[in-house]
file entry.cif (mmCIF, C-alpha atoms)
data_query
#
loop_
_atom_site.label_atom_id
_atom_site.label_comp_id
_atom_site.auth_asym_id
_atom_site.auth_seq_id
_atom_site.Cartn_x
_atom_site.Cartn_y
_atom_site.Cartn_z
CA MET F 4 -34.58 0.46 5.35
CA ASP F 5 -35.44 1.65 8.84
CA TYR F 6 -32.32 3.67 9.53
CA THR F 7 -32.33 7.43 9.93
CA PHE F 8 -29.07 9.17 9.16
CA GLN F 9 -28.11 11.73 11.75
CA TRP F 10 -25.64 13.96 10.04
CA ARG F 11 -26.21 16.93 12.31
CA ALA F 12 -24.85 15.09 15.35
CA ALA F 13 -21.94 13.82 13.30
CA PHE F 14 -21.01 17.27 12.01
CA ARG F 15 -20.91 18.57 15.57
CA ALA F 16 -17.85 16.33 16.03
CA LEU F 17 -16.08 17.87 13.04
CA PRO F 18 -13.67 20.04 15.09
CA ASP F 19 -12.48 16.96 17.00
CA MET F 20 -11.98 15.12 13.75
CA LEU F 21 -10.03 18.00 12.25
CA TRP F 22 -7.67 17.88 15.21
CA GLY F 23 -7.35 14.16 14.53
CA ALA F 24 -6.51 14.93 10.91
CA LEU F 25 -3.70 17.14 12.13
CA VAL F 26 -2.24 14.26 14.16
CA THR F 27 -2.57 12.03 11.09
CA LEU F 28 -0.61 14.52 8.99
CA GLU F 29 1.95 14.83 11.76
CA VAL F 30 2.58 11.06 11.90
CA ALA F 31 2.68 10.81 8.11
CA LEU F 32 5.10 13.71 7.74
CA LEU F 33 7.40 12.51 10.53
CA SER F 34 7.45 9.00 9.13
CA MET F 35 8.30 10.38 5.69
CA VAL F 36 11.18 12.53 6.95
CA LEU F 37 12.64 9.68 9.02
CA GLY F 38 11.87 7.15 6.29
CA THR F 39 13.59 9.26 3.62
CA PHE F 40 16.67 9.61 5.78
CA LEU F 41 16.81 5.86 6.47
CA ALA F 42 16.08 5.04 2.85
CA ILE F 43 19.07 7.09 1.66
CA LEU F 44 21.27 5.12 4.05
CA LEU F 45 19.73 1.83 2.86
CA ALA F 46 20.14 2.77 -0.79
CA VAL F 47 23.80 3.62 -0.24
CA ALA F 48 24.29 0.47 1.86
CA SER F 49 22.91 -1.69 -0.94
CA GLY F 50 25.90 -0.72 -3.06
CA SER F 51 28.40 -1.04 -0.24
CA ARG F 52 31.59 -3.10 -0.27
CA PHE F 53 30.65 -4.72 3.04
CA ARG F 54 28.53 -7.81 2.79
CA ALA F 55 26.85 -7.23 6.19
CA LEU F 56 25.60 -3.79 5.12
CA ARG F 57 24.28 -5.17 1.85
CA ALA F 58 22.51 -8.00 3.67
CA LEU F 59 20.93 -5.57 6.14
CA SER F 60 19.69 -3.37 3.32
CA VAL F 61 18.27 -6.27 1.31
CA SER F 62 16.50 -7.89 4.26
CA TRP F 63 15.02 -4.57 5.43
CA VAL F 64 13.67 -3.83 1.96
CA GLU F 65 12.28 -7.33 1.35
CA LEU F 66 10.68 -7.56 4.80
CA ALA F 67 9.06 -4.15 4.47
CA ARG F 68 7.72 -4.88 1.01
CA ASN F 69 6.58 -8.47 1.44
CA THR F 70 4.60 -8.33 4.69
CA PRO F 71 1.41 -6.35 5.40
CA ALA F 72 1.78 -2.94 7.06
CA MET F 73 -0.72 -4.08 9.68
CA PHE F 74 1.55 -7.00 10.53
CA GLN F 75 4.49 -4.62 10.89
CA ILE F 76 2.51 -2.47 13.32
CA TYR F 77 1.52 -5.52 15.39
CA MET F 78 5.15 -6.62 15.37
CA VAL F 79 6.38 -3.28 16.73
CA TYR F 80 3.60 -2.96 19.30
CA PHE F 81 3.18 -6.54 20.56
CA GLY F 82 6.33 -8.22 19.25
CA LEU F 83 8.85 -5.78 20.65
CA GLY F 84 6.90 -5.86 23.90
CA SER F 85 8.03 -9.41 24.53
CA LEU F 86 11.63 -8.27 24.08
CA GLY F 87 11.03 -5.75 26.85
CA ILE F 88 10.74 -2.73 24.52
CA PHE F 89 7.40 -1.06 25.20
CA LEU F 90 6.32 1.70 22.84
CA ASP F 91 2.99 3.50 23.17
CA SER F 92 0.65 3.22 20.22
CA PHE F 93 1.75 6.54 18.72
CA LEU F 94 5.42 5.59 18.68
CA ALA F 95 4.63 2.05 17.54
CA LEU F 96 2.65 3.38 14.61
CA LEU F 97 5.36 5.91 13.76
CA ALA F 98 8.11 3.28 13.95
CA ALA F 99 6.19 0.77 11.83
CA ILE F 100 5.28 3.25 9.11
CA THR F 101 8.82 4.61 9.08
CA PHE F 102 10.09 1.04 8.63
CA ASN F 103 7.63 0.53 5.79
CA ASN F 104 8.37 3.87 4.09
CA ALA F 105 12.11 3.30 4.32
CA GLY F 106 11.77 -0.10 2.65
CA TYR F 107 9.77 1.21 -0.29
CA LEU F 108 11.76 4.42 -0.67
CA ALA F 109 15.10 2.58 -0.57
CA GLU F 110 14.13 0.82 -3.80
CA THR F 111 13.05 4.12 -5.33
CA PHE F 112 16.27 5.86 -4.30
CA ARG F 113 18.39 2.99 -5.57
CA GLY F 114 16.85 3.51 -8.99
CA GLY F 115 17.29 7.27 -8.60
CA LEU F 116 20.97 6.95 -7.73
CA ARG F 117 21.53 4.72 -10.74
CA ALA F 118 20.08 7.46 -12.93
CA ILE F 119 22.89 9.84 -11.92
CA PRO F 120 25.93 9.27 -14.16
CA GLY F 121 29.09 8.25 -12.30
CA THR F 122 30.91 11.10 -14.04
CA GLN F 123 29.04 13.58 -11.82
CA MET F 124 30.66 12.13 -8.73
CA ARG F 125 34.09 11.99 -10.36
CA ALA F 126 33.83 15.56 -11.59
CA ALA F 127 32.87 16.76 -8.12
CA ARG F 128 35.75 14.82 -6.55
CA SER F 129 38.25 16.21 -9.02
CA LEU F 130 37.08 19.72 -8.11
CA GLY F 131 38.34 18.94 -4.63
CA MET F 132 35.09 17.94 -2.89
CA GLY F 133 35.17 15.19 -0.31
CA GLN F 134 33.25 11.95 -0.84
CA PHE F 135 30.42 12.95 1.51
CA GLN F 136 30.38 16.55 0.34
CA ALA F 137 30.06 15.51 -3.28
CA PHE F 138 27.29 13.06 -2.43
CA ARG F 139 25.37 15.66 -0.45
CA LEU F 140 25.80 18.62 -2.80
CA ILE F 141 25.98 17.00 -6.23
CA VAL F 142 24.39 13.55 -6.26
CA LEU F 143 21.52 13.93 -3.77
CA PRO F 144 19.94 17.08 -5.27
CA GLN F 145 19.91 15.47 -8.71
CA MET F 146 18.46 12.27 -7.29
CA PHE F 147 15.61 14.15 -5.60
CA ARG F 148 14.56 15.58 -8.90
CA VAL F 149 14.17 12.04 -10.26
CA VAL F 150 12.45 10.55 -7.22
CA PHE F 151 10.14 13.44 -6.40
CA PRO F 152 6.96 11.97 -7.97
CA PRO F 153 7.33 8.55 -6.25
CA LEU F 154 8.16 10.40 -3.04
CA THR F 155 4.83 12.22 -3.28
CA ASN F 156 3.08 8.92 -3.89
CA GLN F 157 4.69 7.43 -0.81
CA MET F 158 3.49 10.40 1.25
CA VAL F 159 -0.08 9.62 0.18
CA TRP F 160 0.47 5.98 1.15
CA ALA F 161 1.84 7.12 4.51
CA ILE F 162 -1.32 9.13 5.19
CA LEU F 163 -3.50 6.16 4.32
CA MET F 164 -1.34 3.84 6.42
CA THR F 165 -1.66 5.98 9.55
CA SER F 166 -5.30 4.86 9.70
CA LEU F 167 -3.94 1.52 10.97
CA GLY F 168 -2.93 3.09 14.28
CA VAL F 169 -6.39 2.24 15.53
CA VAL F 170 -5.56 -1.48 15.57
CA VAL F 171 -3.03 -0.90 18.34
CA GLY F 172 -5.32 1.46 20.22
CA LEU F 173 -4.31 4.90 18.96
CA THR F 174 -7.17 7.28 19.76
CA ASN F 175 -6.02 10.72 18.68
CA ASP F 176 -5.42 10.41 14.94
CA LEU F 177 -8.31 10.82 12.50
CA THR F 178 -9.31 7.14 12.44
CA GLY F 179 -8.77 6.88 16.20
CA VAL F 180 -10.99 9.87 16.93
CA THR F 181 -13.60 8.54 14.52
CA GLN F 182 -13.59 5.10 16.10
CA ASP F 183 -13.85 6.72 19.54
CA LEU F 184 -16.91 8.70 18.46
CA ASN F 185 -18.28 5.56 16.84
CA VAL F 186 -18.16 3.36 19.94
CA ARG F 187 -19.82 6.11 21.96
CA SER F 188 -22.71 6.74 19.58
CA PHE F 189 -22.85 3.80 17.12
CA ARG F 190 -23.35 6.27 14.27
CA THR F 191 -20.76 4.27 12.37
CA PHE F 192 -21.66 5.24 8.82
CA GLU F 193 -21.96 8.98 9.41
CA PHE F 194 -18.68 9.35 11.30
CA PHE F 195 -16.64 7.16 8.98
CA ALA F 196 -18.09 8.84 5.90
CA ILE F 197 -16.89 12.21 7.21
CA ALA F 198 -13.49 10.67 7.97
CA ALA F 199 -13.34 9.29 4.42
CA VAL F 200 -13.99 12.77 3.00
CA LEU F 201 -11.29 14.26 5.24
CA TYR F 202 -8.76 11.63 4.13
CA TYR F 203 -9.65 12.30 0.53
CA LEU F 204 -9.11 16.03 1.00
CA MET F 205 -5.82 15.44 2.80
CA THR F 206 -4.42 13.38 -0.07
CA LYS F 207 -5.53 16.04 -2.54
CA VAL F 208 -3.88 18.79 -0.49
CA VAL F 209 -0.65 16.78 -0.34
CA ILE F 210 -0.64 16.12 -4.08
CA GLY F 211 -1.48 19.76 -4.80
CA SER F 212 1.27 21.16 -2.61
CA ALA F 213 3.74 18.65 -4.01
CA ARG F 214 2.96 19.91 -7.53
CA LEU F 215 3.52 23.46 -6.35
CA MET F 216 6.78 22.50 -4.66
CA ALA F 217 7.99 20.63 -7.73
CA TRP F 218 7.25 23.68 -9.85
CA ARG F 219 9.16 25.94 -7.46
CA LEU F 220 12.10 23.59 -7.03
CA PHE F 221 12.61 22.03 -10.43
CA ARG F 222 11.63 24.83 -12.78
CA HIS F 223 15.07 25.18 -14.24
CA MET P 221 8.75 -32.12 19.83
CA MET P 222 7.87 -28.47 19.72
CA GLN P 223 7.70 -28.22 23.46
CA THR P 224 11.22 -29.45 23.95
CA PHE P 225 12.78 -27.35 21.21
CA PHE P 226 11.18 -23.99 21.69
CA ASP P 227 9.57 -24.26 25.09
CA THR P 228 6.33 -22.90 23.74
CA SER P 229 2.70 -23.54 24.56
CA LEU P 230 1.83 -23.40 20.88
CA THR P 231 0.09 -26.63 19.93
CA LEU P 232 -0.34 -28.39 16.63
CA ASN P 233 -3.98 -27.39 16.77
CA ASP P 234 -2.96 -23.73 16.86
CA LEU P 235 -0.84 -24.21 13.79
CA ARG P 236 -3.76 -25.87 12.05
CA PHE P 237 -5.93 -22.90 13.05
CA MET P 238 -3.41 -20.49 11.53
CA LEU P 239 -3.19 -22.62 8.39
CA LYS P 240 -6.94 -22.23 8.05
CA GLY P 241 -6.47 -18.48 8.44
CA ALA P 242 -3.87 -18.55 5.68
CA GLY P 243 -6.42 -20.39 3.53
CA VAL P 244 -8.92 -17.57 4.12
CA THR P 245 -6.26 -15.00 3.20
CA ILE P 246 -5.56 -16.81 -0.07
CA SER P 247 -9.23 -17.21 -0.90
CA ILE P 248 -9.98 -13.51 -0.27
CA THR P 249 -7.01 -12.61 -2.45
CA PHE P 250 -8.26 -14.93 -5.20
CA TRP P 251 -11.80 -13.53 -5.31
CA ALA P 252 -10.71 -9.91 -4.97
CA VAL P 253 -8.09 -10.20 -7.72
CA LEU P 254 -10.46 -12.14 -10.00
CA GLY P 255 -13.33 -9.67 -9.58
CA GLY P 256 -11.05 -6.65 -9.60
CA SER P 257 -9.20 -7.75 -12.72
CA ILE P 258 -12.36 -8.40 -14.74
CA LEU P 259 -13.86 -5.09 -13.68
CA GLY P 260 -10.53 -3.32 -14.16
CA LEU P 261 -10.09 -4.78 -17.64
CA LEU P 262 -13.51 -3.53 -18.72
CA LEU P 263 -13.06 -0.11 -17.14
CA GLY P 264 -9.51 0.18 -18.46
CA LEU P 265 -10.64 -0.63 -21.99
CA GLY P 266 -13.38 1.94 -21.56
CA ARG P 267 -11.05 4.60 -20.20
CA ALA P 268 -8.57 4.12 -23.04
CA SER P 269 -11.20 4.86 -25.67
CA ALA P 270 -14.09 6.70 -23.97
CA PRO P 271 -14.79 10.38 -24.67
CA TRP P 272 -13.67 12.87 -22.03
CA TRP P 273 -17.13 13.49 -20.55
CA LEU P 274 -17.37 9.82 -19.65
CA ASN P 275 -13.70 9.36 -18.86
CA GLY P 276 -13.57 12.20 -16.35
CA PRO P 277 -16.33 10.99 -14.03
CA ILE P 278 -15.08 7.35 -14.12
CA GLY P 279 -11.59 8.53 -13.26
CA PHE P 280 -12.90 10.70 -10.45
CA VAL P 281 -14.87 7.88 -8.83
CA LEU P 282 -12.01 5.39 -9.11
CA ASP P 283 -9.62 7.94 -7.61
CA ILE P 284 -11.80 8.11 -4.50
CA PHE P 285 -11.21 4.42 -3.83
CA ARG P 286 -7.48 5.01 -4.09
CA SER P 287 -7.51 8.05 -1.79
CA VAL P 288 -9.48 6.72 1.19
CA PRO P 289 -7.86 4.27 3.63
CA LEU P 290 -8.98 0.72 2.91
CA LEU P 291 -9.77 0.21 6.59
CA ILE P 292 -12.37 2.97 6.41
CA GLN P 293 -13.79 1.57 3.19
CA PHE P 294 -14.33 -1.78 4.92
CA VAL P 295 -16.05 -0.18 7.91
CA LEU P 296 -18.23 1.98 5.67
CA ALA P 297 -19.27 -0.92 3.44
CA ASN P 298 -19.96 -3.12 6.43
CA SER P 299 -22.20 -0.58 8.13
CA PHE P 300 -23.88 0.34 4.84
CA LYS P 301 -24.70 -3.32 4.33
CA SER P 302 -26.49 -3.35 7.70
CA ILE P 303 -28.29 -0.08 6.94
CA ILE P 304 -29.85 -1.36 3.73
CA GLY P 305 -30.51 -4.72 5.37
CA LEU P 306 -28.34 -6.81 3.08
CA ASN P 307 -27.63 -10.23 4.53
CA TRP P 308 -23.99 -10.59 3.50
CA SER P 309 -21.26 -12.12 5.61
CA ALA P 310 -18.25 -10.02 6.58
CA PHE P 311 -16.22 -12.27 4.26
CA THR P 312 -18.40 -11.33 1.26
CA VAL P 313 -18.31 -7.63 2.13
CA GLY P 314 -14.54 -7.82 2.44
CA CYS P 315 -14.15 -9.55 -0.93
CA VAL P 316 -16.45 -7.07 -2.70
CA VAL P 317 -14.75 -3.99 -1.24
CA LEU P 318 -11.31 -5.35 -1.96
CA ALA P 319 -12.38 -6.28 -5.51
CA ILE P 320 -13.57 -2.72 -6.18
CA TYR P 321 -10.37 -1.37 -4.64
CA THR P 322 -8.36 -3.72 -6.87
CA ALA P 323 -10.39 -2.64 -9.90
CA SER P 324 -9.58 1.02 -9.22
CA PHE P 325 -5.88 0.23 -9.56
CA CYS P 326 -6.27 -2.40 -12.27
CA THR P 327 -8.08 0.10 -14.49
CA GLU P 328 -4.99 2.30 -14.52
CA VAL P 329 -2.72 -0.70 -15.13
CA VAL P 330 -4.80 -1.77 -18.15
CA ARG P 331 -5.15 1.78 -19.42
CA ALA P 332 -1.41 2.43 -19.19
CA GLY P 333 -0.79 -0.83 -21.06
CA ILE P 334 -3.18 0.04 -23.87
CA LEU P 335 -1.91 3.61 -24.17
CA ALA P 336 1.63 2.19 -24.48
CA VAL P 337 0.65 0.77 -27.88
CA PRO P 338 1.52 3.42 -30.46
CA PRO P 339 -1.60 4.72 -32.27
CA THR P 340 0.24 4.32 -35.56
CA THR P 341 0.55 0.59 -34.93
CA ARG P 342 -3.16 0.33 -34.33
CA ARG P 343 -3.95 2.40 -37.39
CA ALA P 344 -1.68 0.17 -39.44
CA ALA P 345 -3.55 -2.89 -38.17
CA ARG P 346 -6.89 -1.37 -39.07
CA SER P 347 -5.72 -0.31 -42.50
CA LEU P 348 -4.58 -3.87 -43.18
CA GLY P 349 -8.25 -4.76 -42.92
CA MET P 350 -8.35 -6.00 -39.31
CA THR P 351 -11.61 -5.41 -37.47
CA TRP P 352 -11.70 -3.52 -34.17
CA ALA P 353 -11.82 -6.80 -32.26
CA GLN P 354 -8.99 -8.33 -34.29
CA ASP P 355 -6.83 -5.25 -33.73
CA LEU P 356 -7.47 -5.57 -29.99
CA LYS P 357 -6.78 -9.29 -29.87
CA GLU P 358 -3.85 -9.61 -32.26
CA VAL P 359 -2.06 -6.28 -31.86
CA VAL P 360 -3.03 -4.35 -28.74
CA PHE P 361 -3.18 -7.14 -26.16
CA PRO P 362 0.20 -8.75 -26.93
CA ILE P 363 1.99 -5.39 -26.73
CA ALA P 364 -0.02 -4.03 -23.79
CA LEU P 365 0.54 -7.22 -21.80
CA ARG P 366 4.28 -6.62 -21.60
CA VAL P 367 3.68 -3.27 -19.94
CA ALA P 368 0.73 -4.31 -17.83
CA LEU P 369 1.66 -7.77 -16.52
CA PRO P 370 4.51 -6.75 -14.17
CA ASN P 371 2.30 -4.00 -12.75
CA TRP P 372 -0.58 -6.42 -12.41
CA ILE P 373 1.63 -8.82 -10.46
CA GLY P 374 2.63 -5.97 -8.17
CA LEU P 375 -1.04 -5.17 -7.69
CA THR P 376 -1.85 -8.78 -6.78
CA LEU P 377 0.93 -8.65 -4.22
CA GLY P 378 -0.50 -5.49 -2.71
CA VAL P 379 -3.96 -7.02 -2.51
CA MET P 380 -2.63 -10.07 -0.70
CA LYS P 381 -1.09 -7.81 1.93
CA ASP P 382 -4.23 -5.67 2.15
CA THR P 383 -6.37 -8.70 3.03
CA ALA P 384 -4.95 -8.33 6.56
CA LEU P 385 -7.18 -5.27 7.03
CA ILE P 386 -10.32 -7.37 6.64
CA SER P 387 -9.70 -8.70 10.13
CA TRP P 388 -10.99 -5.33 11.40
CA ILE P 389 -14.57 -6.19 10.34
CA GLY P 390 -14.32 -9.60 11.95
CA VAL P 391 -13.06 -12.03 9.33
CA VAL P 392 -10.62 -14.52 10.83
CA GLU P 393 -7.80 -14.58 8.31
CA LEU P 394 -4.11 -15.25 8.86
CA LEU P 395 -3.27 -12.18 10.97
CA ARG P 396 -6.46 -12.31 13.04
CA SER P 397 -6.04 -16.03 13.71
CA SER P 398 -2.59 -15.31 15.13
CA GLN P 399 -3.96 -12.58 17.39
CA ILE P 400 -6.55 -15.01 18.74
CA ILE P 401 -3.80 -17.49 19.57
CA VAL P 402 -1.64 -14.79 21.14
CA THR P 403 -4.39 -13.92 23.63
CA ARG P 404 -4.06 -17.46 24.95
CA THR P 405 -0.36 -18.29 24.64
CA GLN P 406 0.95 -14.78 25.42
CA GLU P 407 3.87 -15.30 23.05
CA PRO P 408 3.34 -12.49 20.54
CA LEU P 409 6.86 -12.44 19.13
CA PHE P 410 6.97 -16.16 18.33
CA VAL P 411 3.46 -16.36 16.89
CA LEU P 412 3.82 -13.14 14.89
CA GLY P 413 7.15 -14.43 13.65
CA ILE P 414 5.41 -17.46 12.16
CA VAL P 415 2.75 -15.23 10.59
CA GLY P 416 5.36 -12.91 9.13
CA LEU P 417 7.15 -15.90 7.66
CA ALA P 418 3.87 -17.13 6.17
CA TYR P 419 3.18 -13.78 4.49
CA PHE P 420 6.75 -13.62 3.28
CA VAL P 421 6.57 -17.12 1.81
CA LEU P 422 3.33 -16.17 0.02
CA CYS P 423 4.53 -12.79 -1.27
CA PHE P 424 8.25 -13.10 -1.93
CA PRO P 425 8.12 -15.62 -4.82
CA ILE P 426 5.44 -13.55 -6.57
CA SER P 427 7.42 -10.35 -6.15
CA ARG P 428 10.61 -12.04 -7.41
CA PHE P 429 8.73 -13.42 -10.41
CA GLY P 430 7.34 -9.97 -11.22
CA ALA P 431 10.75 -8.33 -10.97
CA ARG P 432 12.36 -10.97 -13.18
CA LEU P 433 9.63 -10.70 -15.76
CA GLU P 434 10.04 -6.94 -15.86
CA ALA P 435 13.81 -7.16 -16.21
CA ARG P 436 13.64 -9.81 -18.93
CA TRP P 437 11.05 -7.99 -20.98
CA ARG P 438 12.91 -4.73 -20.69
CA GLU P 439 15.99 -6.38 -22.18
CA ASN P 440 14.16 -7.08 -25.42
CA ASP P 441 12.97 -3.53 -25.86
#
call {"tool": "encode", "arguments": {"input": "entry.cif", "output": "structure tokens"}}
result
Amino acid sequence: MDYTFQWRAAFRALPDMLWGALVTLEVALLSMVLGTFLAILLAVASGSRFRALRALSVSWVELARNTPAMFQIYMVYFGLGSLGIFLDSFLALLAAITFNNAGYLAETFRGGLRAIPGTQMRAARSLGMGQFQAFRLIVLPQMFRVVFPPLTNQMVWAILMTSLGVVVGLTNDLTGVTQDLNVRSFRTFEFFAIAAVLYYLMTKVVIGSARLMAWRLFRH
Amino acid sequence: MMQTFFDTSLTLNDLRFMLKGAGVTISITFWAVLGGSILGLLLGLGRASAPWWLNGPIGFVLDIFRSVPLLIQFVLANSFKSIIGLNWSAFTVGCVVLAIYTASFCTEVVRAGILAVPPTTRRAARSLGMTWAQDLKEVVFPIALRVALPNWIGLTLGVMKDTALISWIGVVELLRSSQIIVTRTQEPLFVLGIVGLAYFVLCFPISRFGARLEARWREND
């Protein structure tokens, strides 16, 4: 083994990498918020009276779940390009992960909605609430209690998935910054090891704060 | 034929090239799932019965593999291989990393399956005079399998999709082969469409089978 590790040089890049980690969290969080919103729509659409809505929901879910995330990112970045829609790598990554999150979460939410007894909705309606109002104030809050753990899991997946931005040339998220440092210095192992530790810490922070949130929200 | 229908510069040779890529994808999946399942079975059995001071550290290490992006694990393993002067191909490195990654999930699948067997059932088996091995073979495995198999199928599905990441360390599998063709034909949407269809055809039947199995076995509970 004639390789000398140079950790000192690698640690000097830590501030840059921390900024990258912030971008990573930003993409993951945005994709989760958008994905959750879309997933609620998809979950509701899957029980719709209209066949077209059901078909859209089913094909979205099956496509998102049965093709690799990396393929989905390529599709958004290169594929949409040939339709004349050009997204930069940040938006392409965000769109692809949102698509993926929505597909997985829609299945989760569908199960969550089924766990809420139909009587809840009927009771709310008979108290004079509108259809949407009852859904928003009665059904959704109860569903979130059920789906909170899988939602946390999906957030961790989202963080790990953002590392794929580098395949379409993203340079300012954690993996992008790391790869940038790597091609300039060829200290591959050192830089990527630090990135691995940062990703690990990020997932732990997310899981920890989710536990705290769950305790605050669902104590009663 | 193709030329007249789609007006594409994609040739039969390109399709053959992508078919070869699909073959690589399947073979990586096979080795990773095989290695990961054997390792996961052993570790899962261990975790279900090991004392806490052994269980904790194993769990901690396996959790690391689940909390670091696979892409970074590939890059790290690939550069580590060069550092210690190991003469492995990128394909081998990819299979080994993916197998360990698979094992880290499979361990939990196996463990959850075994823990789903009520301890009273196992005690009953032992008190009927069954040996430890008999209890495992005749009582624990049949019951644990019903819990574990649907999850294991889901895991296999995930691994098949994760093979796409191996392209980053230079293995030409299905997705990479399509990118190589795209640089020549400049028809990303069409070529990626074929690739997406290929992944879908590989994954969808497995995922359907898993879902059906789960639904059918739940009925009998």
call {"tool": "closest_atom_pairs", "arguments": {"input": "entry.cif", "of": "chain P", "to": "chain F", "cutoff": "9 Å", "atoms": "all atoms listed in the file", "output": "Markdown table"}}
result
| residue | atom | partner | partner_atom | distance |
| --- | --- | --- | --- | --- |
| P:Ile284 | CA | F:Tyr203 | CA | 6.9 |
| P:Arg286 | CA | F:Tyr203 | CA | 8.9 |
| P:Ser287 | CA | F:Tyr203 | CA | 5.3 |
| P:Val288 | CA | F:Tyr203 | CA | 5.6 |
| P:Pro289 | CA | F:Leu163 | CA | 4.8 |
| P:Leu290 | CA | F:Leu163 | CA | 7.8 |
| P:Leu291 | CA | F:Ser166 | CA | 7.2 |
| P:Ile292 | CA | F:Phe195 | CA | 6.5 |
| P:Gln293 | CA | F:Ala199 | CA | 7.8 |
| P:Val295 | CA | F:Phe195 | CA | 7.4 |
| P:Leu296 | CA | F:Phe192 | CA | 5.7 |
| P:Ala297 | CA | F:Phe192 | CA | 8.5 |
| P:Asn298 | CA | F:Phe192 | CA | 8.9 |
| P:Ser299 | CA | F:Phe192 | CA | 5.9 |
| P:Phe300 | CA | F:Phe192 | CA | 6.7 |
| P:Ile303 | CA | F:Tyr6 | CA | 6.1 |
| P:Ile304 | CA | F:Met4 | CA | 5.3 |
| P:Gly305 | CA | F:Met4 | CA | 6.6 |
| P:Leu377 | CA | F:Asn69 | CA | 8.0 |
| P:Gly378 | CA | F:Pro71 | CA | 8.4 |
| P:Met380 | CA | F:Pro71 | CA | 8.2 |
| P:Lys381 | CA | F:Pro71 | CA | 4.5 |
| P:Asp382 | CA | F:Pro71 | CA | 6.5 |
| P:Thr383 | CA | F:Pro71 | CA | 8.5 |
| P:Ala384 | CA | F:Met73 | CA | 6.8 |
| P:Leu385 | CA | F:Met73 | CA | 7.1 |
| P:Trp388 | CA | F:Val170 | CA | 7.9 |
| P:Leu395 | CA | F:Phe74 | CA | 7.1 |
| P:Gln406 | CA | F:Ser85 | CA | 8.9 |
| P:Glu407 | CA | F:Ser85 | CA | 7.4 |
| P:Pro408 | CA | F:Gly82 | CA | 5.4 |
| P:Leu409 | CA | F:Gly82 | CA | 4.3 |
| P:Phe410 | CA | F:Gly82 | CA | 8.0 |
| P:Val411 | CA | F:Gly82 | CA | 8.9 |
| P:Leu412 | CA | F:Met78 | CA | 6.7 |
| P:Gly413 | CA | F:Met78 | CA | 8.2 |
| P:Val415 | CA | F:Phe74 | CA | 8.3 |
| P:Gly416 | CA | F:Thr70 | CA | 6.4 |
| P:Leu417 | CA | F:Thr70 | CA | 8.5 |
| P:Ala418 | CA | F:Thr70 | CA | 9.0 |
| P:Tyr419 | CA | F:Thr70 | CA | 5.6 |
| P:Phe420 | CA | F:Asn69 | CA | 5.5 |
| P:Val421 | CA | F:Asn69 | CA | 8.7 |
| P:Leu422 | CA | F:Asn69 | CA | 8.5 |
| P:Cys423 | CA | F:Asn69 | CA | 5.5 |
| P:Phe424 | CA | F:Asn69 | CA | 6.0 |
| P:Ser427 | CA | F:Asn69 | CA | 7.9 |
call {"tool": "atom_distance", "arguments": {"input": "entry.cif", "atom1": "CA of Trp63 in chain F", "atom2": "CA of Leu369 in chain P"}}
result
25.9 Å
call {"tool": "closest_residue", "arguments": {"input": "entry.cif", "among": "F:Leu173, F:Leu28, F:Val149, F:Met20", "to": "Ile76 in chain F", "atoms": "all atoms listed in the file"}}
result
F:Leu173
call {"tool": "resolve_selection", "arguments": {"input": "entry.cif", "expression": "the PyMOL selection byres ((chain P and resi 328) around 12)", "output": "NGL selection string"}}
result
:P and (256-257 or 259-268 or 278-279 or 282-283 or 286 or 321-327 or 329-336 or 367-368 or 371-372 or 375)
call {"tool": "residues_around", "arguments": {"input": "entry.cif", "residues": "range 358-361 of chain P", "least_positions_apart": "6", "cutoff": "8 Å", "atoms": "only C-alpha atoms", "output": "list in words"}}
result
Ile334, Val337, Thr341, Arg342 and Ala345 of chain P
call {"tool": "resolve_selection", "arguments": {"input": "entry.cif", "expression": "the PyMOL selection byres ((chain F and resi 215-219) around 12)", "output": "CSV table (one decimal) with C-alpha atoms, in the frame of the given file"}}
result
chain,number,residue,atom,x,y,z
F,147,PHE,CA,15.6,14.2,-5.6
F,148,ARG,CA,14.6,15.6,-8.9
F,149,VAL,CA,14.2,12.0,-10.3
F,150,VAL,CA,12.4,10.6,-7.2
F,151,PHE,CA,10.1,13.4,-6.4
F,152,PRO,CA,7.0,12.0,-8.0
F,154,LEU,CA,8.2,10.4,-3.0
F,155,THR,CA,4.8,12.2,-3.3
F,208,VAL,CA,-3.9,18.8,-0.5
F,209,VAL,CA,-0.6,16.8,-0.3
F,210,ILE,CA,-0.6,16.1,-4.1
F,211,GLY,CA,-1.5,19.8,-4.8
F,212,SER,CA,1.3,21.2,-2.6
F,213,ALA,CA,3.7,18.6,-4.0
F,214,ARG,CA,3.0,19.9,-7.5
F,220,LEU,CA,12.1,23.6,-7.0
F,221,PHE,CA,12.6,22.0,-10.4
F,222,ARG,CA,11.6,24.8,-12.8
F,223,HIS,CA,15.1,25.2,-14.2
call {"tool": "resolve_selection", "arguments": {"input": "entry.cif", "expression": "the PyMOL selection byres ((chain F and resi 119-127) around 9)", "output": "ChimeraX atom specification"}}
result
/F:115-118,128-134,136-138,141-142,145-146
call {"tool": "axis_aligned_box", "arguments": {"input": "entry.cif", "around": "range 35-40 of chain F", "padding_each_side": "4 Å", "output": "JSON"}}
result
{"center_x": 12.5, "center_y": 9.8, "center_z": 6.3, "size_x": 16.4, "size_y": 13.4, "size_z": 13.4}
call {"tool": "atom_distance", "arguments": {"input": "entry.cif", "atom1": "CA of Leu433 in chain P", "atom2": "CA of Thr111 in chain F"}}
result
18.4 Å
call {"tool": "residues_near_point", "arguments": {"input": "entry.cif", "point": "(-4.3, -20.5, 18.2)", "cutoff": "8 Å", "atoms": "all atoms listed in the file", "output": "ChimeraX atom specification"}}
result
/P:230-231,233-235,237-238,397-402,404-405
